[in-house]
file coords_37.txt (compact mmCIF, N, CA and C atoms)
# COMPACT_ATOMS: atom_id res chain seq x y z
N MET A 1 0.85 -1.18 0.00
CA MET A 1 0.00 0.00 0.00
C MET A 1 0.89 1.24 0.00
N ALA A 2 0.63 2.18 -0.88
CA ALA A 2 1.44 3.39 -0.99
C ALA A 2 1.12 4.34 0.16
N CYS A 3 2.15 5.06 0.60
CA CYS A 3 1.96 6.06 1.64
C CYS A 3 1.21 7.24 1.05
N PRO A 4 0.25 7.81 1.80
CA PRO A 4 -0.42 9.00 1.29
C PRO A 4 0.57 10.17 1.22
N THR A 5 0.29 11.08 0.34
CA THR A 5 1.14 12.26 0.21
C THR A 5 1.07 13.05 1.49
N PRO A 6 2.21 13.45 2.06
CA PRO A 6 2.18 14.27 3.26
C PRO A 6 1.42 15.56 3.00
N LEU A 7 0.86 16.11 4.07
CA LEU A 7 0.05 17.33 3.95
C LEU A 7 0.82 18.44 3.25
N ALA A 8 2.09 18.63 3.61
CA ALA A 8 2.88 19.70 2.98
C ALA A 8 2.96 19.49 1.48
N GLY A 9 3.13 18.26 1.05
CA GLY A 9 3.19 17.97 -0.37
C GLY A 9 1.87 18.25 -1.06
N ARG A 10 0.78 17.92 -0.39
CA ARG A 10 -0.54 18.20 -0.97
C ARG A 10 -0.77 19.71 -1.07
N ILE A 11 -0.30 20.45 -0.06
CA ILE A 11 -0.48 21.90 -0.08
C ILE A 11 0.31 22.50 -1.24
N LEU A 12 1.58 22.09 -1.37
CA LEU A 12 2.38 22.63 -2.46
C LEU A 12 1.79 22.24 -3.81
N ASN A 13 1.33 21.02 -3.93
CA ASN A 13 0.72 20.58 -5.18
C ASN A 13 -0.54 21.38 -5.46
N ALA A 14 -1.37 21.57 -4.45
CA ALA A 14 -2.61 22.32 -4.64
C ALA A 14 -2.30 23.77 -5.02
N MET A 15 -1.27 24.34 -4.42
CA MET A 15 -0.96 25.72 -4.70
C MET A 15 -0.38 25.89 -6.10
N SER A 16 0.19 24.83 -6.64
CA SER A 16 0.77 24.94 -7.97
C SER A 16 -0.28 24.78 -9.06
N THR A 17 -1.47 24.31 -8.71
CA THR A 17 -2.54 24.15 -9.70
C THR A 17 -3.63 25.16 -9.40
N ALA A 18 -3.30 26.43 -9.52
CA ALA A 18 -4.24 27.50 -9.20
C ALA A 18 -5.00 27.93 -10.45
N HIS A 19 -6.16 28.45 -10.22
CA HIS A 19 -7.00 28.96 -11.30
C HIS A 19 -7.49 30.35 -10.94
N ASP A 20 -7.76 31.18 -11.94
CA ASP A 20 -8.35 32.49 -11.72
C ASP A 20 -9.76 32.50 -12.27
N PHE A 21 -10.67 33.11 -11.53
CA PHE A 21 -12.03 33.31 -11.99
C PHE A 21 -12.36 34.78 -11.82
N GLU A 22 -12.67 35.46 -12.91
CA GLU A 22 -13.03 36.88 -12.87
C GLU A 22 -14.46 37.02 -12.36
N LEU A 23 -14.63 37.86 -11.35
CA LEU A 23 -15.95 38.08 -10.75
C LEU A 23 -16.52 39.41 -11.20
N PRO A 24 -17.74 39.41 -11.68
CA PRO A 24 -18.38 40.70 -11.94
C PRO A 24 -18.76 41.34 -10.59
N PRO A 25 -18.98 42.65 -10.57
CA PRO A 25 -19.36 43.29 -9.29
C PRO A 25 -20.59 42.61 -8.68
N HIS A 26 -20.57 42.47 -7.38
CA HIS A 26 -21.69 41.93 -6.59
C HIS A 26 -22.04 40.50 -6.96
N ALA A 27 -21.07 39.72 -7.40
CA ALA A 27 -21.34 38.33 -7.77
C ALA A 27 -20.67 37.41 -6.76
N GLY A 28 -21.28 36.27 -6.55
CA GLY A 28 -20.69 35.26 -5.69
C GLY A 28 -19.71 34.40 -6.47
N ALA A 29 -19.10 33.47 -5.77
CA ALA A 29 -18.14 32.57 -6.41
C ALA A 29 -18.88 31.63 -7.36
N PRO A 30 -18.36 31.45 -8.56
CA PRO A 30 -18.99 30.52 -9.49
C PRO A 30 -18.86 29.07 -9.00
N ALA A 31 -19.84 28.27 -9.33
CA ALA A 31 -19.87 26.88 -8.89
C ALA A 31 -18.62 26.13 -9.31
N GLU A 32 -18.10 26.43 -10.51
CA GLU A 32 -16.90 25.71 -10.95
C GLU A 32 -15.69 26.05 -10.09
N ALA A 33 -15.67 27.25 -9.50
CA ALA A 33 -14.57 27.61 -8.60
C ALA A 33 -14.65 26.78 -7.33
N VAL A 34 -15.84 26.63 -6.81
CA VAL A 34 -16.04 25.82 -5.60
C VAL A 34 -15.69 24.36 -5.90
N ASP A 35 -16.12 23.88 -7.05
CA ASP A 35 -15.82 22.50 -7.44
C ASP A 35 -14.31 22.28 -7.58
N ALA A 36 -13.61 23.25 -8.17
CA ALA A 36 -12.16 23.11 -8.33
C ALA A 36 -11.48 23.05 -6.97
N ALA A 37 -11.93 23.88 -6.03
CA ALA A 37 -11.35 23.85 -4.68
C ALA A 37 -11.65 22.52 -4.01
N ALA A 38 -12.86 22.02 -4.20
CA ALA A 38 -13.22 20.72 -3.62
C ALA A 38 -12.36 19.61 -4.20
N ASP A 39 -11.87 19.80 -5.42
CA ASP A 39 -10.99 18.82 -6.05
C ASP A 39 -9.53 19.01 -5.68
N GLY A 40 -9.25 19.94 -4.74
CA GLY A 40 -7.89 20.10 -4.24
C GLY A 40 -7.12 21.25 -4.86
N GLN A 41 -7.76 22.10 -5.63
CA GLN A 41 -7.06 23.20 -6.28
C GLN A 41 -7.29 24.51 -5.52
N VAL A 42 -6.31 25.39 -5.56
CA VAL A 42 -6.46 26.73 -5.02
C VAL A 42 -7.06 27.58 -6.13
N VAL A 43 -8.11 28.31 -5.81
CA VAL A 43 -8.80 29.12 -6.81
C VAL A 43 -8.74 30.58 -6.37
N TYR A 44 -8.23 31.43 -7.24
CA TYR A 44 -8.17 32.86 -6.96
C TYR A 44 -9.35 33.56 -7.63
N LEU A 45 -10.07 34.32 -6.85
CA LEU A 45 -11.18 35.10 -7.39
C LEU A 45 -10.64 36.50 -7.67
N THR A 46 -10.91 36.99 -8.86
CA THR A 46 -10.38 38.29 -9.24
C THR A 46 -11.52 39.22 -9.63
N ARG A 47 -11.25 40.50 -9.49
CA ARG A 47 -12.17 41.53 -9.96
C ARG A 47 -11.30 42.58 -10.66
N ASN A 48 -11.63 42.85 -11.90
CA ASN A 48 -10.84 43.78 -12.72
C ASN A 48 -9.38 43.34 -12.78
N GLY A 49 -9.17 42.03 -12.85
CA GLY A 49 -7.83 41.48 -12.99
C GLY A 49 -7.02 41.42 -11.71
N GLU A 50 -7.56 41.89 -10.59
CA GLU A 50 -6.86 41.89 -9.30
C GLU A 50 -7.42 40.79 -8.41
N ALA A 51 -6.54 40.01 -7.82
CA ALA A 51 -6.98 38.96 -6.90
C ALA A 51 -7.63 39.61 -5.68
N ILE A 52 -8.84 39.17 -5.33
CA ILE A 52 -9.54 39.73 -4.17
C ILE A 52 -9.80 38.69 -3.09
N ALA A 53 -9.72 37.42 -3.46
CA ALA A 53 -9.98 36.35 -2.49
C ALA A 53 -9.49 35.04 -3.08
N ALA A 54 -9.47 34.03 -2.23
CA ALA A 54 -9.10 32.69 -2.71
C ALA A 54 -10.03 31.68 -2.07
N ILE A 55 -10.34 30.66 -2.83
CA ILE A 55 -11.07 29.50 -2.31
C ILE A 55 -10.05 28.38 -2.27
N VAL A 56 -9.88 27.79 -1.09
CA VAL A 56 -8.86 26.75 -0.94
C VAL A 56 -9.49 25.48 -0.40
N PRO A 57 -8.86 24.34 -0.68
CA PRO A 57 -9.34 23.09 -0.09
C PRO A 57 -9.28 23.17 1.43
N THR A 58 -10.13 22.44 2.09
CA THR A 58 -10.22 22.46 3.54
C THR A 58 -8.89 22.13 4.20
N ASP A 59 -8.16 21.15 3.69
CA ASP A 59 -6.89 20.79 4.34
C ASP A 59 -5.87 21.92 4.22
N VAL A 60 -5.93 22.69 3.14
CA VAL A 60 -5.02 23.83 2.99
C VAL A 60 -5.40 24.92 3.99
N ALA A 61 -6.69 25.19 4.12
CA ALA A 61 -7.15 26.20 5.08
C ALA A 61 -6.80 25.79 6.50
N THR A 62 -7.00 24.53 6.82
CA THR A 62 -6.69 24.03 8.16
C THR A 62 -5.20 24.14 8.45
N ALA A 63 -4.38 23.76 7.48
CA ALA A 63 -2.93 23.86 7.66
C ALA A 63 -2.51 25.32 7.80
N GLY A 64 -3.11 26.19 7.02
CA GLY A 64 -2.78 27.61 7.11
C GLY A 64 -3.16 28.19 8.45
N ALA A 65 -4.35 27.83 8.94
CA ALA A 65 -4.79 28.31 10.26
C ALA A 65 -3.86 27.79 11.35
N GLY A 66 -3.45 26.53 11.24
CA GLY A 66 -2.52 25.96 12.21
C GLY A 66 -1.18 26.66 12.18
N ALA A 67 -0.71 27.00 10.98
CA ALA A 67 0.57 27.69 10.86
C ALA A 67 0.48 29.09 11.46
N LEU A 68 -0.63 29.79 11.23
CA LEU A 68 -0.80 31.11 11.82
C LEU A 68 -0.84 31.03 13.34
N GLU A 69 -1.54 30.04 13.85
CA GLU A 69 -1.62 29.87 15.30
C GLU A 69 -0.23 29.59 15.88
N ALA A 70 0.55 28.76 15.19
CA ALA A 70 1.91 28.46 15.66
C ALA A 70 2.78 29.71 15.66
N LEU A 71 2.63 30.55 14.63
CA LEU A 71 3.39 31.80 14.58
C LEU A 71 2.99 32.73 15.72
N GLU A 72 1.68 32.80 15.99
CA GLU A 72 1.21 33.64 17.09
C GLU A 72 1.73 33.11 18.43
N ASP A 73 1.70 31.79 18.60
CA ASP A 73 2.23 31.19 19.83
C ASP A 73 3.71 31.51 20.00
N ALA A 74 4.46 31.39 18.91
CA ALA A 74 5.90 31.67 18.97
C ALA A 74 6.14 33.13 19.33
N ASP A 75 5.32 34.02 18.79
CA ASP A 75 5.44 35.44 19.10
C ASP A 75 5.13 35.68 20.58
N ASP A 76 4.08 35.02 21.10
CA ASP A 76 3.75 35.14 22.52
C ASP A 76 4.88 34.62 23.40
N ILE A 77 5.50 33.52 23.01
CA ILE A 77 6.61 32.95 23.78
C ILE A 77 7.80 33.91 23.79
N ARG A 78 8.11 34.50 22.62
CA ARG A 78 9.20 35.48 22.57
C ARG A 78 8.91 36.67 23.48
N ALA A 79 7.67 37.17 23.46
CA ALA A 79 7.31 38.32 24.30
C ALA A 79 7.39 37.96 25.78
N ALA A 80 6.94 36.76 26.14
CA ALA A 80 7.01 36.33 27.54
C ALA A 80 8.47 36.20 27.99
N ARG A 81 9.31 35.62 27.15
CA ARG A 81 10.73 35.48 27.51
C ARG A 81 11.40 36.84 27.66
N ALA A 82 11.05 37.77 26.77
CA ALA A 82 11.61 39.12 26.86
C ALA A 82 11.16 39.80 28.15
N ALA A 83 9.89 39.61 28.51
CA ALA A 83 9.38 40.22 29.74
C ALA A 83 10.06 39.62 30.96
N LEU A 84 10.27 38.31 30.95
CA LEU A 84 10.93 37.65 32.08
C LEU A 84 12.40 38.06 32.19
N ALA A 85 13.02 38.34 31.07
CA ALA A 85 14.43 38.72 31.07
C ALA A 85 14.63 40.19 31.39
N ASP A 86 13.55 40.97 31.38
CA ASP A 86 13.65 42.40 31.63
C ASP A 86 14.10 42.64 33.07
N PRO A 87 15.21 43.37 33.26
CA PRO A 87 15.74 43.59 34.61
C PRO A 87 14.92 44.62 35.42
N GLU A 88 14.03 45.34 34.76
CA GLU A 88 13.22 46.33 35.48
C GLU A 88 12.37 45.63 36.54
N PRO A 89 12.16 46.27 37.68
CA PRO A 89 11.33 45.64 38.71
C PRO A 89 9.88 45.55 38.25
N SER A 90 9.22 44.49 38.66
CA SER A 90 7.82 44.33 38.28
C SER A 90 6.94 45.11 39.26
N ILE A 91 5.71 45.31 38.87
CA ILE A 91 4.76 46.05 39.71
C ILE A 91 4.07 45.04 40.63
N PRO A 92 4.09 45.28 41.93
CA PRO A 92 3.41 44.35 42.84
C PRO A 92 1.91 44.28 42.53
N MET A 93 1.34 43.10 42.64
CA MET A 93 -0.06 42.89 42.31
C MET A 93 -0.98 43.79 43.13
N ALA A 94 -0.64 44.05 44.38
CA ALA A 94 -1.46 44.92 45.22
C ALA A 94 -1.59 46.31 44.61
N GLU A 95 -0.51 46.80 43.98
CA GLU A 95 -0.58 48.11 43.32
C GLU A 95 -1.49 48.06 42.09
N VAL A 96 -1.43 46.97 41.36
CA VAL A 96 -2.29 46.82 40.18
C VAL A 96 -3.75 46.81 40.61
N TRP A 97 -4.08 46.02 41.65
CA TRP A 97 -5.46 45.96 42.14
C TRP A 97 -5.92 47.34 42.60
N ALA A 98 -5.06 48.05 43.30
CA ALA A 98 -5.42 49.37 43.80
C ALA A 98 -5.66 50.35 42.64
N GLU A 99 -4.81 50.30 41.63
CA GLU A 99 -4.94 51.21 40.50
C GLU A 99 -6.23 50.98 39.72
N TYR A 100 -6.65 49.72 39.63
CA TYR A 100 -7.83 49.39 38.82
C TYR A 100 -9.05 49.05 39.67
N ALA A 101 -9.04 49.42 40.95
CA ALA A 101 -10.14 49.07 41.86
C ALA A 101 -11.48 49.58 41.35
N ASP A 102 -11.53 50.82 40.87
CA ASP A 102 -12.80 51.37 40.38
C ASP A 102 -13.31 50.59 39.17
N ASP A 103 -12.42 50.25 38.26
CA ASP A 103 -12.82 49.48 37.09
C ASP A 103 -13.30 48.09 37.48
N LEU A 104 -12.60 47.46 38.42
CA LEU A 104 -12.95 46.11 38.85
C LEU A 104 -14.25 46.07 39.63
N ALA A 105 -14.60 47.18 40.28
CA ALA A 105 -15.84 47.21 41.08
C ALA A 105 -17.08 47.02 40.20
N ALA A 106 -16.96 47.30 38.93
CA ALA A 106 -18.09 47.15 38.00
C ALA A 106 -18.40 45.69 37.72
N TYR A 107 -17.50 44.79 38.07
CA TYR A 107 -17.70 43.36 37.81
C TYR A 107 -18.10 42.68 39.11
N PRO A 108 -19.34 42.14 39.17
CA PRO A 108 -19.83 41.58 40.42
C PRO A 108 -19.09 40.33 40.90
N ASP A 109 -18.44 39.60 40.01
CA ASP A 109 -17.76 38.38 40.43
C ASP A 109 -16.32 38.64 40.88
N THR A 110 -15.92 39.89 40.97
CA THR A 110 -14.56 40.22 41.37
C THR A 110 -14.53 40.52 42.87
N ASP A 111 -13.93 39.64 43.61
CA ASP A 111 -13.76 39.85 45.05
C ASP A 111 -12.46 40.62 45.28
N GLU A 112 -12.37 41.23 46.45
CA GLU A 112 -11.12 41.90 46.77
C GLU A 112 -10.04 40.82 46.88
N ARG A 113 -8.93 41.08 46.31
CA ARG A 113 -7.90 40.04 46.22
C ARG A 113 -6.78 40.35 47.14
call {"tool": "encode", "arguments": {"input": "coords_37.txt", "output": "structure tokens"}}
result
Amino acid sequence: MACPTPLAGRILNAMSTAHDFELPPHAGAPAEAVDAAADGQVVYLTRNGEAIAAIVPTDVATAGAGALEALEDADDIRAARAALADPEPSIPMAEVWAEYADDLAAYPDTDER
């Protein structure tokens, strides 16, 4: 039994078989564009020759969303490490609570901490 193509390979293959569909103003995606995406192709929707959107296969969209999430996580990790490495003294939590006491009073589930 042959191994299935890895997701990255499918994404690159799908991205290499792209199609353009020109959209008239106020028109939805043509059925053939949706069908092409369902068949694994990336479809670019254009208006006046300019790409305005893309219809992609679900696995491509899922992989893209996962990649964006991973980039955001990596950015959060870098920011946290930078904050932890910062030699400046941190603000004691009691000062934070005191500074925002009026704002926090508007929330009924917030007890004095």
call {"tool": "axis_aligned_box", "arguments": {"input": "coords_37.txt", "around": "stretch 28-46 of chain A", "padding_each_side": "5 Å", "output": "JSON"}}
result
{"center_x": -13.8, "center_y": 29.0, "center_z": -7.3, "size_x": 25.0, "size_y": 30.4, "size_z": 17.3}
call {"tool": "select_by_dssp", "arguments": {"input": "coords_37.txt", "residues": "stretch 32-94 of chain A", "states": "alpha helix (DSSP H)", "output": "MDAnalysis selection string"}}
result
chainID A and resid 32:38 58:85 93:94
call {"tool": "residues_around", "arguments": {"input": "coords_37.txt", "residues": "stretch 52-63 of chain A", "least_positions_apart": "2", "cutoff": "6 Å", "atoms": "only C-alpha atoms", "output": "list of chain:residue names"}}
result
A:Ile11, A:Ala37, A:Ala38, A:Gly40, A:Val42, A:Val43, A:Tyr44, A:Leu45, A:Thr46, A:Ala65, A:Gly66
call {"tool": "atom_distance", "arguments": {"input": "coords_37.txt", "atom1": "atom CA of A:Glu95", "atom2": "atom CA of A:Pro108"}}
result
20.5 Å
call {"tool": "atom_distance", "arguments": {"input": "coords_37.txt", "atom1": "atom N of A:Ser90", "atom2": "atom CA of A:Glu72"}}
result
25.4 Å
call {"tool": "atom_distance", "arguments": {"input": "coords_37.txt", "atom1": "atom C of A:Asp35", "atom2": "atom CA of A:Glu22"}}
result
15.6 Å
call {"tool": "select_by_dssp", "arguments": {"input": "coords_37.txt", "residues": "stretch 44-99 of chain A", "states": "strand (DSSP E or B)", "output": "PyMOL selection string"}}
result
chain A and resi 44-47+50-55
call {"tool": "write_last_selection", "arguments": {"input": "coords_37.txt", "atoms": "N, CA and C atoms", "output": "compact mmCIF listing (two decimals), in the coordinates of the input"}}
result
# COMPACT_ATOMS: atom_id res chain seq x y z
N TYR A 44 -8.23 31.43 -7.24
CA TYR A 44 -8.17 32.86 -6.96
C TYR A 44 -9.35 33.56 -7.63
N LEU A 45 -10.07 34.32 -6.85
CA LEU A 45 -11.18 35.10 -7.39
C LEU A 45 -10.64 36.50 -7.67
N THR A 46 -10.91 36.99 -8.86
CA THR A 46 -10.38 38.29 -9.24
C THR A 46 -11.52 39.22 -9.63
N ARG A 47 -11.25 40.50 -9.49
CA ARG A 47 -12.17 41.53 -9.96
C ARG A 47 -11.30 42.58 -10.66
N GLU A 50 -7.56 41.89 -10.59
CA GLU A 50 -6.86 41.89 -9.30
C GLU A 50 -7.42 40.79 -8.41
N ALA A 51 -6.54 40.01 -7.82
CA ALA A 51 -6.98 38.96 -6.90
C ALA A 51 -7.63 39.61 -5.68
N ILE A 52 -8.84 39.17 -5.33
CA ILE A 52 -9.54 39.73 -4.17
C ILE A 52 -9.80 38.69 -3.09
N ALA A 53 -9.72 37.42 -3.46
CA ALA A 53 -9.98 36.35 -2.49
C ALA A 53 -9.49 35.04 -3.08
N ALA A 54 -9.47 34.03 -2.23
CA ALA A 54 -9.10 32.69 -2.71
C ALA A 54 -10.03 31.68 -2.07
N ILE A 55 -10.34 30.66 -2.83
CA ILE A 55 -11.07 29.50 -2.31
C ILE A 55 -10.05 28.38 -2.27
